[in-house]
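Okay, so here's the structure we're looking at.
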Amino acid sequence: MNIIIQSPGFKASDSLEEFINQKLEKIGQHSHNVMRADVILTKGPESELRNNHCEIRLEVPGNDHFVKKNSSTFEHAVTESVIALEHMIERSKGKSRES
């Protein structure tokens with residue numbers, strides 16, 4: 001699975017990029033048909049408490065999975081996003097088994 005990380009407006013640290021790669025590799029182990037993951041990290045206004053935004057789009061055959069979460073830290077936003085994506089993948093697996 002290719003993982004593309006974008007952070008417009010700032011440079012994501014190497015440790016943050018490694019954290020994202022580790023989290024998304026777990027998804028790749030559970031779902032072998034994921035071709036690519038696009039991750040976009042953005043910062044909101046400083047006045048917001050939860051101003052770190054994470055968007056992840058998983059490219060899979062059929063319909064892509066997309067989630068957007070925000071939190072006070074990027075790590076927490078990424079973790080919430082990955083958990084939501086895991087649920088989406090499990091639901092889509094369940095639907096394909098029923099067909």
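Each chain in the structure tokens gets a letter, A, B, ..., in the order shown, and its residues are numbered from 1; ligands are numbered from 1 in order too.
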Checklist entry - Got a sec: who's within 9 Å of His65 of chain A, counting only C-alpha atoms, leaving out chain neighbours fewer than 4 positions off, as a list in words? => result Ile56, Arg57, Leu58, Glu59, Val60, Leu85, Met88 and Ile89 of chain A
Next on the checklist: I'd like to know which residues of chain A are alpha helix (DSSP H) (by DSSP, run on the backbone); could you write them as a VMD selection string?
Outcome noted: chain A and resid 14 to 30 74 to 98
Next on the checklist: One decimal, in Å: what's the spacing between atom CA of Asn33 of chain A and atom CA of Pro8 of chain A?
Outcome noted: 28.2 Å
Can you list, as a PDB file with C-alpha atoms, in the first residue's frame, every protein, DNA or RNA residue that comes within 8 Å of Glu55 of chain A when you count only C-alpha atoms, leaving out same-chain residues fewer than 2 positions away?
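part-v7.pdb was written with the following content:
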```pdb
ATOM      1  CA  ASP A  38      -3.928   9.736   1.080  1.00  0.00           C
ATOM      2  CA  VAL A  39      -3.443  11.593   4.369  1.00  0.00           C
ATOM      3  CA  ILE A  40      -3.903  15.354   4.646  1.00  0.00           C
ATOM      4  CA  LEU A  41      -2.996  17.112   7.893  1.00  0.00           C
ATOM      5  CA  HIS A  53      -7.399  18.076  11.387  1.00  0.00           C
ATOM      6  CA  ARG A  57      -8.901   8.551   1.942  1.00  0.00           C
ATOM      7  CA  PHE A  66     -12.964   8.647   3.554  1.00  0.00           C
ATOM      8  CA  VAL A  67     -12.859  10.026   7.073  1.00  0.00           C
ATOM      9  CA  LYS A  68     -12.069  13.415   8.599  1.00  0.00           C
ATOM     10  CA  LYS A  69     -11.398  13.910  12.311  1.00  0.00           C
ATOM     11  CA  SER A  81      -9.455   8.353  11.838  1.00  0.00           C
TER      12      SER A  81
END
```
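Using only C-alpha atoms for every distance, the candidate list A:Thr42, A:Asn63, A:Gln22, A:Asn52 yields A:Gln22 as the residue closest to Val82 of chain A.
Here atom CA of Leu49 of chain A and atom CA of Thr79 of chain A stand 17.6 Å from one another.
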Could you go through chain A and tell me which residues DSSP, when run on the backbone, assigns to strand (DSSP E or B), listing them as a CSV table (one decimal) with N, CA and C atoms, in the first residue's frame?
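Everything below was put into part_39.csv:
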```csv
chain,number,residue,atom,x,y,z
A,2,ASN,N,0.6,2.2,-0.9
A,2,ASN,CA,1.3,3.5,-0.9
A,2,ASN,C,0.6,4.4,0.1
A,3,ILE,N,1.4,5.1,0.9
A,3,ILE,CA,0.9,6.1,1.8
A,3,ILE,C,1.5,7.4,1.4
A,4,ILE,N,0.6,8.4,1.1
A,4,ILE,CA,1.0,9.7,0.8
A,4,ILE,C,0.5,10.7,1.8
A,5,ILE,N,1.5,11.4,2.5
A,5,ILE,CA,1.1,12.3,3.5
A,5,ILE,C,1.4,13.7,3.1
A,6,GLN,N,0.4,14.6,3.2
A,6,GLN,CA,0.5,16.0,2.8
A,6,GLN,C,0.2,16.8,4.1
A,36,ARG,N,-4.0,2.5,-1.9
A,36,ARG,CA,-3.3,3.7,-1.5
A,36,ARG,C,-4.0,4.4,-0.4
A,37,ALA,N,-3.3,5.1,0.4
A,37,ALA,CA,-3.8,6.0,1.5
A,37,ALA,C,-3.3,7.4,1.3
A,38,ASP,N,-4.3,8.3,1.2
A,38,ASP,CA,-3.9,9.7,1.1
A,38,ASP,C,-4.3,10.4,2.4
A,39,VAL,N,-3.3,11.0,3.1
A,39,VAL,CA,-3.4,11.6,4.4
A,39,VAL,C,-3.2,13.1,4.2
A,40,ILE,N,-4.1,13.9,4.7
A,40,ILE,CA,-3.9,15.4,4.6
A,40,ILE,C,-4.1,15.9,6.1
A,41,LEU,N,-3.0,16.5,6.6
A,41,LEU,CA,-3.0,17.1,7.9
A,41,LEU,C,-3.1,18.6,7.7
A,42,THR,N,-4.0,19.2,8.4
A,42,THR,CA,-4.2,20.7,8.4
A,42,THR,C,-4.3,21.2,9.8
A,43,LYS,N,-3.9,22.5,9.9
A,43,LYS,CA,-4.1,23.2,11.2
A,43,LYS,C,-5.3,24.2,11.0
A,52,ASN,N,-6.4,20.6,15.1
A,52,ASN,CA,-5.6,19.7,14.3
A,52,ASN,C,-6.5,18.7,13.5
A,53,HIS,N,-6.5,18.9,12.2
A,53,HIS,CA,-7.4,18.1,11.4
A,53,HIS,C,-6.6,17.0,10.6
A,54,CYS,N,-7.3,15.8,10.5
A,54,CYS,CA,-6.7,14.7,9.7
A,54,CYS,C,-7.8,14.2,8.8
A,55,GLU,N,-7.4,14.1,7.5
A,55,GLU,CA,-8.3,13.5,6.5
A,55,GLU,C,-7.6,12.3,5.9
A,56,ILE,N,-8.2,11.2,5.8
A,56,ILE,CA,-7.7,10.0,5.2
A,56,ILE,C,-8.6,9.5,4.2
A,57,ARG,N,-8.1,9.2,3.0
A,57,ARG,CA,-8.9,8.6,1.9
A,57,ARG,C,-8.2,7.3,1.6
A,58,LEU,N,-8.8,6.1,1.8
A,58,LEU,CA,-8.3,4.8,1.4
A,58,LEU,C,-8.8,4.5,0.0
A,59,GLU,N,-8.0,4.3,-1.0
A,59,GLU,CA,-8.4,3.9,-2.3
A,59,GLU,C,-8.4,2.3,-2.4
A,65,HIS,N,-12.9,4.8,0.9
A,65,HIS,CA,-13.3,5.1,2.2
A,65,HIS,C,-12.7,6.4,2.6
A,66,PHE,N,-13.5,7.3,3.2
A,66,PHE,CA,-13.0,8.6,3.6
A,66,PHE,C,-13.4,9.0,5.0
A,67,VAL,N,-12.5,9.6,5.7
A,67,VAL,CA,-12.9,10.0,7.1
A,67,VAL,C,-12.1,11.3,7.4
A,68,LYS,N,-12.7,12.2,8.2
A,68,LYS,CA,-12.1,13.4,8.6
A,68,LYS,C,-12.3,13.6,10.1
A,69,LYS,N,-11.3,13.7,10.9
A,69,LYS,CA,-11.4,13.9,12.3
A,69,LYS,C,-10.5,15.1,12.7
A,70,ASN,N,-10.9,15.7,13.9
A,70,ASN,CA,-10.0,16.7,14.4
A,70,ASN,C,-9.9,16.5,15.9
A,71,SER,N,-8.7,17.0,16.4
A,71,SER,CA,-8.4,16.8,17.8
A,71,SER,C,-7.4,17.8,18.3
```
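Rounded to one decimal, atom CA of Ser15 of chain A and atom CA of Glu75 of chain A lie 10.1 Å from each other.
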